[in-house]
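S.K.: What follows is final-v4.txt, compact mmCIF, C-alpha atoms.
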```
# COMPACT_ATOMS: atom_id res chain seq x y z
CA MET S 1 -124.24 -84.64 84.78
CA PRO S 2 -126.64 -81.97 83.59
CA CYS S 3 -125.18 -78.54 83.90
CA GLN S 4 -126.85 -76.18 86.36
CA TYR S 5 -127.02 -73.44 83.83
CA GLU S 6 -128.67 -75.57 81.19
CA LYS S 7 -130.87 -73.51 78.93
CA PRO S 8 -134.53 -73.93 79.97
CA ARG S 9 -136.29 -76.36 77.66
CA PHE S 10 -139.48 -74.34 77.51
CA PRO S 11 -139.73 -70.62 76.92
CA ARG S 12 -140.89 -68.70 80.00
CA ARG S 13 -144.40 -68.09 78.76
CA TRP S 14 -144.92 -71.78 78.30
CA ARG S 15 -143.61 -72.53 81.74
CA THR S 16 -146.32 -70.38 83.23
CA LEU S 17 -149.02 -71.39 80.74
CA LEU S 18 -148.47 -75.14 80.95
CA PRO S 19 -149.23 -75.66 84.66
CA ARG S 20 -152.34 -73.53 84.23
CA LEU S 21 -153.53 -75.61 81.32
CA VAL S 22 -152.84 -78.87 83.12
CA GLY S 23 -154.66 -77.51 86.18
CA LEU S 24 -157.62 -76.49 84.08
CA LEU S 25 -157.73 -79.90 82.44
CA LEU S 26 -157.62 -81.76 85.74
CA LEU S 27 -160.26 -79.51 87.25
CA GLN S 28 -162.52 -80.18 84.35
CA PHE S 29 -162.05 -83.93 84.26
CA PHE S 30 -163.10 -84.23 87.83
CA SER S 31 -165.77 -81.58 87.87
CA PRO S 32 -169.13 -83.00 88.92
CA ALA S 33 -171.70 -83.58 86.22
CA ARG S 34 -174.06 -80.68 85.71
CA GLY S 35 -177.69 -80.95 86.60
CA HIS S 36 -178.94 -80.89 83.06
CA THR S 37 -178.16 -83.26 80.26
CA GLN S 38 -174.52 -83.08 79.22
CA THR S 39 -174.68 -83.75 75.53
CA ALA S 40 -175.18 -81.22 72.80
CA ALA S 41 -178.18 -83.11 71.55
CA GLN S 42 -181.56 -82.16 72.92
CA GLU S 43 -183.14 -84.15 70.14
CA LYS S 44 -183.01 -87.91 70.57
CA PRO S 45 -180.39 -88.88 67.98
CA VAL S 46 -181.01 -91.69 65.48
CA PRO S 47 -178.47 -94.09 63.94
CA ILE S 48 -177.08 -92.88 60.64
CA LEU S 49 -175.48 -94.51 57.66
CA SER S 50 -173.26 -92.00 55.94
CA GLY S 51 -170.11 -92.13 53.89
CA THR S 52 -168.54 -91.48 50.54
CA VAL S 53 -168.77 -92.95 47.09
CA GLY S 54 -166.12 -91.80 44.64
CA VAL S 55 -165.15 -92.63 41.11
CA LEU S 56 -161.81 -91.22 40.06
CA PRO S 57 -160.32 -92.10 36.71
CA GLY S 58 -156.79 -90.75 36.33
CA ILE S 59 -153.51 -90.94 34.50
CA THR S 60 -150.36 -91.37 36.56
CA ALA S 61 -147.01 -91.44 34.75
CA GLY S 62 -148.79 -92.30 31.51
CA GLN S 63 -150.72 -95.21 33.02
CA THR S 64 -154.54 -95.02 33.00
CA LEU S 65 -156.05 -95.94 36.36
CA LEU S 66 -159.56 -96.13 37.71
CA ASP S 67 -159.92 -95.60 41.42
CA VAL S 68 -163.33 -96.51 42.83
CA GLN S 69 -164.00 -96.00 46.52
CA PHE S 70 -166.84 -96.77 48.86
CA ASN S 71 -166.43 -95.68 52.49
CA PRO S 72 -169.51 -96.36 54.58
CA VAL S 73 -169.69 -94.66 57.99
CA LEU S 74 -172.06 -96.09 60.59
CA LEU S 75 -173.00 -93.95 63.58
CA VAL S 76 -175.01 -95.44 66.42
CA PRO S 77 -175.78 -93.08 69.33
CA LEU S 78 -176.67 -94.84 72.57
CA GLY S 79 -178.33 -93.00 75.41
CA GLU S 80 -177.19 -89.48 76.09
CA ARG S 81 -173.48 -89.98 76.18
CA TRP S 82 -172.42 -92.80 73.91
CA LEU S 83 -171.59 -93.01 70.24
CA LEU S 84 -170.48 -96.11 68.38
CA GLU S 85 -168.84 -95.17 65.11
CA SER S 86 -167.23 -97.11 62.34
CA ARG S 87 -165.89 -96.60 58.85
CA GLY S 88 -164.92 -99.20 56.31
CA GLU S 89 -162.93 -98.66 53.18
CA PHE S 90 -163.46 -100.56 49.97
CA GLU S 91 -161.13 -99.35 47.29
CA GLY S 92 -160.70 -100.75 43.82
CA GLU S 93 -157.56 -99.66 42.04
CA PHE S 94 -158.14 -100.82 38.51
CA GLN S 95 -155.73 -100.68 35.59
CA ARG S 96 -156.16 -101.47 31.94
CA ALA S 97 -153.73 -104.14 30.81
CA PRO S 98 -152.03 -103.41 27.49
CA GLY S 99 -154.38 -104.32 24.64
CA ALA S 100 -157.29 -105.02 27.01
CA ARG S 101 -160.56 -103.11 26.87
CA SER S 102 -161.71 -103.33 30.40
CA PHE S 103 -160.13 -102.39 33.71
CA GLY S 104 -159.13 -105.00 36.26
CA GLY S 105 -157.40 -105.13 39.61
CA PRO S 106 -157.76 -105.84 43.30
CA VAL S 107 -160.31 -104.44 45.71
CA ASN S 108 -158.77 -103.53 49.06
CA LYS S 109 -160.87 -103.72 52.21
CA HIS S 110 -159.94 -102.02 55.40
CA LEU S 111 -161.58 -101.19 58.70
CA ASP S 112 -160.57 -97.56 59.23
CA TYR S 113 -162.12 -97.28 62.66
CA LEU S 114 -164.53 -99.04 64.98
CA GLN S 115 -164.77 -97.17 68.23
CA ALA S 116 -166.96 -96.44 71.20
CA ASP S 117 -167.00 -92.83 72.40
CA TYR S 118 -168.18 -91.92 75.87
CA ILE S 119 -168.86 -88.23 76.44
CA ALA S 120 -167.83 -88.13 80.08
CA ASN S 121 -168.41 -84.41 80.58
CA PRO S 122 -168.39 -81.27 78.42
CA TYR S 123 -164.60 -81.33 78.28
CA LEU S 124 -163.70 -84.98 77.98
CA THR S 125 -164.61 -87.82 75.65
CA VAL S 126 -163.14 -91.26 76.23
CA THR S 127 -162.68 -93.47 73.18
CA ALA S 128 -161.83 -97.15 72.99
CA GLY S 129 -161.38 -99.45 70.01
CA ARG S 130 -159.77 -98.86 66.66
CA PHE S 131 -159.48 -95.19 65.82
CA LEU S 132 -157.83 -92.88 63.32
CA THR S 133 -154.55 -91.71 64.79
CA PRO S 134 -154.84 -88.01 65.59
CA PHE S 135 -151.44 -86.98 64.30
CA GLY S 136 -151.54 -83.78 62.27
CA ILE S 137 -154.78 -82.93 60.51
CA PHE S 138 -155.04 -84.78 57.24
CA ASN S 139 -155.62 -88.31 58.53
CA GLU S 140 -158.41 -87.50 60.92
CA ARG S 141 -159.99 -84.40 59.46
CA LEU S 142 -159.42 -84.15 55.74
CA TYR S 143 -159.05 -87.71 54.47
CA PRO S 144 -162.52 -88.52 53.03
CA MET S 145 -162.81 -87.88 49.28
CA TRP S 146 -165.73 -85.51 49.73
CA ILE S 147 -163.68 -83.42 52.13
CA ARG S 148 -160.17 -83.26 50.64
CA ALA S 149 -159.66 -80.42 48.21
CA LEU S 150 -157.12 -82.40 46.15
CA GLN S 151 -157.51 -86.12 45.65
CA PRO S 152 -153.84 -87.25 45.70
CA ASP S 153 -152.58 -87.93 49.24
CA PRO S 154 -149.93 -85.63 50.71
CA LEU S 155 -146.49 -87.30 50.52
CA ILE S 156 -146.09 -87.29 54.33
CA LEU S 157 -149.55 -88.71 55.09
CA ARG S 158 -148.21 -92.11 56.22
CA ILE S 159 -145.86 -90.69 58.83
CA ALA S 160 -147.12 -91.45 62.36
CA THR S 161 -150.66 -92.19 61.15
CA ALA S 162 -150.60 -96.01 61.39
CA THR S 163 -153.89 -97.41 62.67
CA SER S 164 -154.36 -97.19 66.43
CA ASP S 165 -156.05 -99.91 68.49
CA GLY S 166 -156.38 -98.81 72.08
CA ALA S 167 -157.76 -95.90 74.03
CA MET S 168 -157.89 -92.16 73.66
CA LEU S 169 -158.93 -89.12 75.70
CA ARG S 170 -160.00 -86.04 73.77
CA GLY S 171 -161.99 -82.89 73.98
CA GLY S 172 -162.12 -79.17 73.62
CA PHE S 173 -163.05 -76.20 75.78
CA PRO S 174 -162.83 -72.42 75.68
CA VAL S 175 -159.81 -70.91 77.43
CA SER S 176 -160.97 -67.34 76.83
CA VAL S 177 -163.54 -65.62 74.66
CA ARG S 178 -160.93 -65.50 71.92
CA ALA S 179 -159.57 -69.02 71.95
CA THR S 180 -160.57 -72.62 72.42
CA PHE S 181 -158.21 -75.44 73.24
CA ASN S 182 -158.51 -78.95 71.82
CA TYR S 183 -156.54 -82.04 72.70
CA ALA S 184 -156.25 -85.77 72.08
CA ALA S 185 -154.01 -88.24 73.91
CA TYR S 186 -153.86 -91.91 72.97
CA VAL S 187 -152.16 -95.20 73.48
CA SER S 188 -152.20 -98.01 70.95
CA VAL S 189 -151.33 -101.68 71.33
CA PRO S 190 -150.42 -104.07 68.51
CA SER S 191 -153.18 -106.13 67.00
CA VAL S 192 -154.06 -107.63 63.68
CA GLY S 193 -157.06 -106.17 61.94
CA LEU S 194 -158.91 -107.02 58.76
CA GLU S 195 -156.73 -107.96 55.82
CA GLY S 196 -153.76 -108.32 58.15
CA VAL S 197 -153.53 -104.59 58.85
CA GLU S 198 -151.44 -104.41 61.93
CA SER S 199 -151.65 -101.51 64.33
CA GLU S 200 -148.55 -100.33 66.11
CA ARG S 201 -147.63 -99.95 69.72
CA HIS S 202 -147.32 -96.23 70.30
CA VAL S 203 -148.40 -93.33 72.49
CA GLY S 204 -149.03 -89.81 71.37
CA GLY S 205 -151.03 -86.67 71.54
CA ARG S 206 -152.16 -83.63 69.70
CA ALA S 207 -153.09 -80.22 71.01
CA GLY S 208 -154.25 -77.10 69.31
CA PHE S 209 -155.65 -73.65 69.85
CA PHE S 210 -158.48 -72.39 67.70
CA PHE S 211 -159.04 -68.65 67.50
CA PRO S 212 -162.62 -68.11 66.29
CA GLY S 213 -162.03 -64.41 65.48
CA PRO S 214 -159.49 -64.86 62.72
CA ARG S 215 -160.61 -68.49 62.26
CA LEU S 216 -157.10 -69.74 62.80
CA GLU S 217 -156.02 -73.03 64.31
CA VAL S 218 -152.46 -73.79 65.28
CA GLY S 219 -151.42 -77.04 66.84
CA GLY S 220 -148.81 -79.68 67.34
CA SER S 221 -148.65 -83.47 67.47
CA TRP S 222 -146.27 -85.90 69.04
CA GLN S 223 -145.95 -89.65 68.89
CA LYS S 224 -143.55 -92.12 70.36
CA ALA S 225 -143.22 -95.58 68.89
CA LEU S 226 -143.00 -98.23 71.61
CA GLN S 227 -141.57 -100.88 69.35
CA ASP S 228 -138.52 -101.27 67.09
CA THR S 229 -136.93 -97.84 66.96
CA ARG S 230 -138.82 -96.21 69.86
CA LYS S 231 -138.33 -92.95 68.06
CA ASN S 232 -140.36 -89.76 68.38
CA SER S 233 -142.30 -88.06 65.61
CA VAL S 234 -143.38 -84.46 65.90
CA GLY S 235 -145.73 -82.43 63.76
CA LEU S 236 -147.12 -78.94 63.47
CA HIS S 237 -150.34 -77.93 61.77
CA VAL S 238 -152.04 -74.72 60.80
CA ALA S 239 -155.53 -74.15 59.40
CA TRP S 240 -156.75 -70.69 58.53
CA GLN S 241 -159.90 -69.38 56.93
CA PRO S 242 -159.61 -65.60 56.82
CA ARG S 243 -162.97 -63.87 57.09
CA GLU S 244 -162.25 -61.34 54.38
CA VAL S 245 -161.66 -63.80 51.54
CA PRO S 246 -163.20 -67.21 50.74
CA LEU S 247 -159.86 -68.92 51.21
CA SER S 248 -159.08 -72.06 53.15
CA LEU S 249 -155.45 -72.69 54.02
CA HIS S 250 -154.12 -75.87 55.56
CA SER S 251 -150.59 -76.91 56.24
CA GLU S 252 -148.70 -79.65 58.03
CA PHE S 253 -145.08 -80.18 58.88
CA VAL S 254 -143.63 -83.40 60.27
CA ARG S 255 -140.25 -84.59 61.46
CA SER S 256 -139.63 -88.24 62.23
CA ASP S 257 -137.35 -91.19 61.81
CA GLN S 258 -139.41 -92.25 58.80
CA GLY S 259 -138.76 -88.98 57.05
CA SER S 260 -139.70 -85.34 57.25
CA GLY S 261 -141.61 -82.94 55.12
CA TYR S 262 -144.43 -80.51 54.77
CA TRP S 263 -147.38 -79.62 52.60
CA ILE S 264 -149.22 -76.37 52.24
CA GLU S 265 -152.54 -76.06 50.48
CA GLY S 266 -154.85 -73.21 49.63
CA ALA S 267 -158.40 -73.59 48.32
CA TYR S 268 -160.14 -70.51 47.01
CA ARG S 269 -163.89 -70.28 46.32
CA LEU S 270 -164.59 -68.04 43.37
CA SER S 271 -167.62 -66.56 45.10
CA GLN S 272 -166.33 -63.02 44.68
CA ALA S 273 -166.11 -63.26 40.89
CA ARG S 274 -168.20 -60.69 39.06
CA PHE S 275 -169.14 -62.96 36.15
CA TRP S 276 -171.12 -66.23 35.93
CA GLU S 277 -171.81 -65.66 39.59
CA LYS S 278 -173.98 -68.69 40.15
CA ALA S 279 -171.42 -71.11 38.73
CA MET S 280 -168.44 -69.31 40.23
CA ARG S 281 -169.91 -69.53 43.73
CA ARG S 282 -169.80 -73.32 43.38
CA THR S 283 -166.27 -73.43 42.04
CA GLU S 284 -163.11 -73.81 44.05
CA VAL S 285 -159.54 -73.68 42.79
CA VAL S 286 -156.81 -75.36 44.77
CA ALA S 287 -153.03 -75.48 44.85
CA ARG S 288 -150.72 -77.53 47.01
CA GLY S 289 -146.95 -77.58 47.31
CA GLN S 290 -145.05 -80.21 49.26
CA GLN S 291 -141.75 -81.87 49.94
CA TYR S 292 -140.63 -85.11 51.51
CA PHE S 293 -137.14 -85.82 52.78
CA GLY S 294 -136.23 -89.47 53.39
CA GLY S 295 -135.45 -90.52 56.96
CA ASN S 296 -133.49 -93.42 58.37
CA LEU S 297 -135.52 -96.08 56.60
CA GLY S 298 -134.23 -97.70 53.45
CA ALA S 299 -136.08 -96.98 50.22
CA ASP S 300 -137.90 -100.35 50.33
CA ALA S 301 -139.03 -99.94 53.93
CA ALA S 302 -140.26 -96.42 53.18
CA GLN S 303 -142.19 -97.58 50.13
CA SER S 304 -143.80 -100.43 52.05
CA LEU S 305 -145.16 -97.79 54.45
CA GLY S 306 -146.57 -95.82 51.51
CA LEU S 307 -143.83 -93.17 51.60
CA PRO S 308 -141.63 -92.16 48.67
CA GLY S 309 -138.35 -94.09 48.40
CA VAL S 310 -136.30 -90.94 47.76
CA ASN S 311 -136.50 -87.20 48.43
CA THR S 312 -139.49 -85.91 46.48
CA ARG S 313 -141.19 -82.65 45.62
CA GLU S 314 -144.68 -82.27 44.24
CA ALA S 315 -146.96 -79.49 43.06
CA ASP S 316 -150.68 -80.02 42.46
CA PHE S 317 -153.41 -77.81 41.08
CA GLY S 318 -157.08 -78.58 40.97
CA MET S 319 -160.60 -77.37 40.53
CA ASN S 320 -163.69 -78.59 42.36
CA TYR S 321 -167.26 -77.87 41.39
CA PHE S 322 -169.90 -78.32 44.11
CA LEU S 323 -172.99 -79.64 42.36
CA LYS S 324 -175.08 -79.92 45.53
CA ASP S 325 -174.64 -80.58 49.24
CA GLY S 326 -172.14 -83.42 49.48
CA LEU S 327 -171.62 -83.87 45.74
CA LYS S 328 -168.66 -82.46 43.87
CA SER S 329 -166.81 -83.04 40.65
CA VAL S 330 -163.04 -82.78 40.75
CA VAL S 331 -160.17 -82.37 38.37
CA SER S 332 -156.52 -82.02 39.26
CA TYR S 333 -153.07 -82.02 37.74
CA GLY S 334 -149.86 -82.63 39.62
CA ARG S 335 -146.21 -83.11 38.85
CA GLN S 336 -143.81 -85.05 41.00
CA PHE S 337 -140.05 -84.45 40.94
CA SER S 338 -137.49 -86.86 42.34
CA SER S 339 -134.29 -88.65 41.44
CA ALA S 340 -136.43 -91.72 40.69
CA GLY S 341 -138.00 -89.80 37.78
CA ASN S 342 -140.44 -86.97 37.23
CA PHE S 343 -144.02 -87.63 36.21
CA ASN S 344 -147.45 -86.09 35.76
CA GLN S 345 -150.60 -87.10 37.58
CA TRP S 346 -154.08 -86.28 36.31
CA THR S 347 -157.24 -87.00 38.25
CA PHE S 348 -160.89 -86.46 37.28
CA GLY S 349 -164.05 -87.70 38.86
CA ILE S 350 -166.84 -87.23 41.32
CA ALA S 351 -167.19 -87.71 45.06
CA TYR S 352 -170.47 -87.97 46.89
CA ARG S 353 -171.20 -87.91 50.61
CA PHE S 354 -174.47 -89.62 51.38
CA LEU S 355 -176.36 -89.57 54.68
CA ILE S 356 -179.25 -91.87 55.52
CA PRO S 357 -180.97 -91.67 58.92
CA LEU S 358 -181.81 -95.19 60.11
CA GLY S 359 -184.71 -94.22 62.33
CA ARG S 360 -187.97 -92.37 62.28
CA GLU S 361 -187.92 -88.64 62.76
CA SER S 362 -191.00 -88.16 64.97
CA HIS S 363 -190.48 -89.57 68.42
CA GLN S 364 -192.63 -87.85 71.00
CA MET W 1 -190.13 -75.94 59.93
CA ALA W 2 -192.55 -78.53 61.24
CA LEU W 3 -189.57 -80.66 62.13
CA SER W 4 -188.18 -78.00 64.41
CA LEU W 5 -191.28 -77.92 66.59
CA PRO W 6 -190.16 -80.48 69.16
CA VAL W 7 -187.21 -78.24 70.09
CA LEU W 8 -189.33 -75.29 71.00
CA ALA W 9 -192.67 -76.89 71.75
CA GLY W 10 -192.09 -77.99 75.35
CA SER W 11 -190.90 -75.16 77.52
CA SER W 12 -188.86 -77.65 79.55
CA ASN W 13 -187.04 -78.61 76.41
CA ARG W 14 -186.30 -75.03 75.63
CA LYS W 15 -185.13 -74.36 79.12
CA GLU W 16 -182.77 -77.28 78.87
CA VAL W 17 -181.23 -75.97 75.70
CA LEU W 18 -180.76 -72.60 77.27
CA ALA W 19 -179.50 -73.98 80.56
CA GLY W 20 -176.45 -75.41 78.87
CA LEU W 21 -175.34 -72.08 77.53
CA PRO W 22 -173.66 -69.93 80.11
CA VAL W 23 -172.92 -67.29 77.50
CA VAL W 24 -176.54 -66.73 76.59
CA HIS W 25 -178.37 -65.70 79.72
CA SER W 26 -181.36 -64.28 77.97
CA THR W 27 -184.04 -66.65 76.78
CA ASP W 28 -184.23 -64.68 73.59
CA VAL W 29 -184.58 -67.21 70.83
CA ASP W 30 -183.35 -64.74 68.24
CA THR W 31 -180.08 -64.26 70.11
CA MET W 32 -179.69 -68.03 70.27
CA ARG W 33 -180.33 -68.32 66.60
CA THR W 34 -177.87 -65.58 65.71
CA GLN W 35 -175.22 -67.03 67.97
CA GLY W 36 -175.91 -70.49 66.61
CA GLU W 37 -175.53 -69.30 63.07
CA GLN W 38 -172.30 -67.56 63.98
CA ARG W 39 -170.89 -70.70 65.59
CA PHE W 40 -172.05 -72.73 62.62
CA ARG W 41 -170.25 -70.41 60.20
CA THR W 42 -167.12 -70.37 62.30
CA ASN W 43 -166.98 -74.09 62.98
CA CYS W 44 -168.73 -76.14 60.36
CA GLY W 45 -166.87 -75.02 57.26
CA ARG W 46 -163.43 -75.41 58.77
CA CYS W 47 -162.76 -78.91 57.53
CA HIS W 48 -165.39 -79.44 54.84
CA ALA W 49 -168.01 -77.51 52.92
CA ALA W 50 -170.64 -76.44 55.45
CA PRO W 51 -173.48 -78.97 55.16
CA GLN W 52 -177.18 -78.39 54.68
CA LYS W 53 -179.63 -78.85 57.54
CA PHE W 54 -180.75 -82.42 58.16
CA PRO W 55 -183.85 -83.53 60.08
CA PRO W 56 -183.39 -82.78 63.82
CA ARG W 57 -182.73 -86.30 65.05
CA ALA W 58 -180.20 -86.98 62.29
CA MET W 59 -178.61 -83.61 62.99
CA ALA W 60 -178.28 -84.53 66.66
CA THR W 61 -176.26 -87.63 65.70
CA VAL W 62 -174.09 -85.71 63.23
CA LEU W 63 -173.32 -83.11 65.88
CA ARG W 64 -172.45 -85.75 68.44
CA HIS W 65 -170.09 -87.22 65.87
CA MET W 66 -168.58 -83.85 65.01
CA ARG W 67 -168.23 -82.94 68.61
CA VAL W 68 -166.03 -85.98 69.14
CA ARG W 69 -164.22 -85.81 65.81
CA ALA W 70 -163.73 -82.09 65.56
CA THR W 71 -163.28 -81.55 69.33
CA ILE W 72 -165.74 -78.68 69.08
CA THR W 73 -166.74 -77.35 72.50
CA ASP W 74 -169.94 -78.40 74.22
CA GLN W 75 -171.22 -74.83 74.17
CA ASP W 76 -170.65 -74.36 70.44
CA MET W 77 -172.40 -77.64 69.76
CA ARG W 78 -175.51 -76.64 71.69
CA LEU W 79 -175.79 -73.39 69.80
CA VAL W 80 -175.16 -75.04 66.43
CA LEU W 81 -177.77 -77.70 67.18
CA PHE W 82 -180.26 -75.04 68.11
CA TYR W 83 -179.58 -73.18 64.89
CA MET W 84 -179.51 -76.30 62.72
CA THR W 85 -182.84 -77.58 63.96
CA GLN W 86 -184.74 -74.31 63.51
```
Step by step, read the file and then write its structure as structure tokens.

M.R.:
Amino acid sequence: MPCQYEKPRFPRRWRTLLPRLVGLLLLQFFSPARGHTQTAAQEKPVPILSGTVGVLPGITAGQTLLDVQFNPVLLVPLGERWLLESRGEFEGEFQRAPGARSFGGPVNKHLDYLQADYIANPYLTVTAGRFLTPFGIFNERLYPMWIRALQPDPLILRIATATSDGAMLRGGFPVSVRATFNYAAYVSVPSVGLEGVESERHVGGRAGFFFPGPRLEVGGSWQKALQDTRKNSVGLHVAWQPREVPLSLHSEFVRSDQGSGYWIEGAYRLSQARFWEKAMRRTEVVARGQQYFGGNLGADAAQSLGLPGVNTREADFGMNYFLKDGLKSVVSYGRQFSSAGNFNQWTFGIAYRFLIPLGRESHQ
Amino acid sequence: MALSLPVLAGSSNRKEVLAGLPVVHSTDVDTMRTQGEQRFRTNCGRCHAAPQKFPPRAMATVLRHMRVRATITDQDMRLVLFYMTQ
């Protein structure tokens, strides 16, 4: 029987803050639509084809690899409140066989997301379909090659980020002049997607506060698997872009049955350099440190999920040069340490984000 | 610049933009622009390098996408759109 004097599970401040937040959320969901149009767009939006093309030759543990990616994103706005969005992934991971001249290997295809978003009111968007699981920040916000500051994936990326097929509620609103709140809550059911990619049955959510003054975001994620282990995964994330220096810091921590770990990454634009100013303004140097600690999965099960088979540490350093809007060249070096063997990882290449409007501009 | 005309041309259009912004009570376009730029700087470089301006209708789609993806508030989006389509 639970003891009467059990320590409260939430600190006092949370106990007072939580009901207020829930109240605010409920009030806003059911608030009547405003008289004017609800969407941010006053211009009639057109469909867009966007996405990334990337070519990344590299050397991992002495093996030369060529990674070629094409990730088209299709955005189709409908009316004032709807958006259909989809992203596909075509990735060729080519290797050169010993003695051969050319590279060869499989091309993987994957439907990353195909979802319908309905902007119900200024505070709530309802999403249905296949969507990127909003656990932590990398999967949903930093994954595309043109966005990520270092091309190798964080070691913990695959924890609690399996594809979701289902429904999601999300949104953001100011809670004071100094802070905005953002949230996502989702439920996913099992289904079989392209190339046999199976989504999981799980529920979860993410919430965060963004403080525009210091440009700091702090948030947490939670997910509960509704199959097999029915275990919980929890995550914390921080993103900070101090105003005084051109630095961008991101970090994630996760704890789950599949393993635990963290990564912390800083990207620094050399825009304050006093020499070669034009070139320096376009240059960014990056460093990331990370660790993964194995969970209750065996090594084989972990590796089949894309996680390391043993406890692993990794340090990466890189430099990006922004040639023009959406186009950057990248180079990075990393070293991985684990009982399975240490190795180096070099990556070079270019990533380009294209954007093609699929409609005429003049409309009135 | 020619592309930005539809936003400001019809006064009804302009009123609508302004109506959605409880923070900006004045119809001062300069204030809107300054606020929009501020919101753009604060929000649009958080996850990726801040993008260039695209034609207004394309920008409207991008911002709808970002609003959903980045859970940026409705108010910030209106101001950013105003700024981005100037």

S.K.: Give me the residues near His202 of chain S as a list in words, where near means some atom within 6 Å (using only C-alpha atoms) and where sequence neighbours in that chain fewer than 3 positions away do not count.

M.R.: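 Surrounding residues, per the criterion: Val187, Ser188, Lys224, Ala225 and Leu226 of chain S.
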
S.K.: With a cut-off of 7 Å and counting all atoms listed in the file, select all residues of chain W in contact with chain S and give the selection as a PDB file with C-alpha atoms, keeping the file's coordinate frame.

M.R.:
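Saved file part_12.pdb follows:
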```pdb
ATOM      1  CA  GLU W  16    -182.770 -77.280  78.870  1.00  0.00           C
ATOM      2  CA  VAL W  17    -181.230 -75.970  75.700  1.00  0.00           C
ATOM      3  CA  THR W  42    -167.120 -70.370  62.300  1.00  0.00           C
ATOM      4  CA  CYS W  47    -162.760 -78.910  57.530  1.00  0.00           C
ATOM      5  CA  HIS W  48    -165.390 -79.440  54.840  1.00  0.00           C
ATOM      6  CA  PRO W  51    -173.480 -78.970  55.160  1.00  0.00           C
ATOM      7  CA  GLN W  52    -177.180 -78.390  54.680  1.00  0.00           C
ATOM      8  CA  PRO W  56    -183.390 -82.780  63.820  1.00  0.00           C
ATOM      9  CA  ARG W  57    -182.730 -86.300  65.050  1.00  0.00           C
ATOM     10  CA  ALA W  58    -180.200 -86.980  62.290  1.00  0.00           C
ATOM     11  CA  ALA W  60    -178.280 -84.530  66.660  1.00  0.00           C
ATOM     12  CA  THR W  61    -176.260 -87.630  65.700  1.00  0.00           C
ATOM     13  CA  ARG W  64    -172.450 -85.750  68.440  1.00  0.00           C
ATOM     14  CA  VAL W  68    -166.030 -85.980  69.140  1.00  0.00           C
ATOM     15  CA  THR W  71    -163.280 -81.550  69.330  1.00  0.00           C
ATOM     16  CA  ILE W  72    -165.740 -78.680  69.080  1.00  0.00           C
ATOM     17  CA  THR W  73    -166.740 -77.350  72.500  1.00  0.00           C
ATOM     18  CA  ASP W  74    -169.940 -78.400  74.220  1.00  0.00           C
ATOM     19  CA  MET W  77    -172.400 -77.640  69.760  1.00  0.00           C
ATOM     20  CA  ARG W  78    -175.510 -76.640  71.690  1.00  0.00           C
ATOM     21  CA  LEU W  81    -177.770 -77.700  67.180  1.00  0.00           C
TER      22      LEU W  81
END
```

S.K.: Near Gln151 of chain S, counting only C-alpha atoms, which residues have an atom at most 12 Å away, once you skip same-chain residues fewer than 3 positions from it, shown as number ranges by chain?

M.R.: S: 54-58, 67, 69, 138, 142-148, 154, 286-288, 316-320, 328-334, 345-351

S.K.: Please tell me which residues are no farther than 8 Å from (-170.6, -73.5, 47.9) in the file, counting all atoms listed in the file, and write them as a list of chain:residue names.

M.R.: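 Answer for this query, in the requested form: S:Arg269, S:Arg281, S:Arg282, S:Thr283, S:Phe322, W:Ala49.
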
S.K.: In the coordinate frame of the file, compute which residues have an atom within 9 Å of (-179.5, -72.9, 68.2) when using all atoms listed in the file, and state them as a PyMOL selection string.

M.R.: chain W and resi 17+29+31-37+77-86

S.K.: Pull C-alpha atoms from the residues just selected and write them as a tab-separated table (two decimals), keeping the file's coordinate frame.

M.R.:
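Result file part17.tsv:
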```tsv
chain	number	residue	atom	x	y	z
W	17	VAL	CA	-181.23	-75.97	75.70
W	29	VAL	CA	-184.58	-67.21	70.83
W	31	THR	CA	-180.08	-64.26	70.11
W	32	MET	CA	-179.69	-68.03	70.27
W	33	ARG	CA	-180.33	-68.32	66.60
W	34	THR	CA	-177.87	-65.58	65.71
W	35	GLN	CA	-175.22	-67.03	67.97
W	36	GLY	CA	-175.91	-70.49	66.61
W	37	GLU	CA	-175.53	-69.30	63.07
W	77	MET	CA	-172.40	-77.64	69.76
W	78	ARG	CA	-175.51	-76.64	71.69
W	79	LEU	CA	-175.79	-73.39	69.80
W	80	VAL	CA	-175.16	-75.04	66.43
W	81	LEU	CA	-177.77	-77.70	67.18
W	82	PHE	CA	-180.26	-75.04	68.11
W	83	TYR	CA	-179.58	-73.18	64.89
W	84	MET	CA	-179.51	-76.30	62.72
W	85	THR	CA	-182.84	-77.58	63.96
W	86	GLN	CA	-184.74	-74.31	63.51
```

S.K.: Write out as a PDB file with C-alpha atoms, in the coordinates of the input each polymer residue whose atoms come within 9 Å of Ala50 of chain W, counting all atoms listed in the file; drop sequence neighbours fewer than 3 positions from it.

M.R.:
```
ATOM      1  CA  ASP S 325    -174.640 -80.580  49.240  1.00  0.00           C
TER       2      ASP S 325
ATOM      3  CA  PHE W  40    -172.050 -72.730  62.620  1.00  0.00           C
ATOM      4  CA  ARG W  41    -170.250 -70.410  60.200  1.00  0.00           C
ATOM      5  CA  ASN W  43    -166.980 -74.090  62.980  1.00  0.00           C
ATOM      6  CA  CYS W  44    -168.730 -76.140  60.360  1.00  0.00           C
ATOM      7  CA  GLY W  45    -166.870 -75.020  57.260  1.00  0.00           C
ATOM      8  CA  ARG W  46    -163.430 -75.410  58.770  1.00  0.00           C
ATOM      9  CA  CYS W  47    -162.760 -78.910  57.530  1.00  0.00           C
TER      10      CYS W  47
END
```
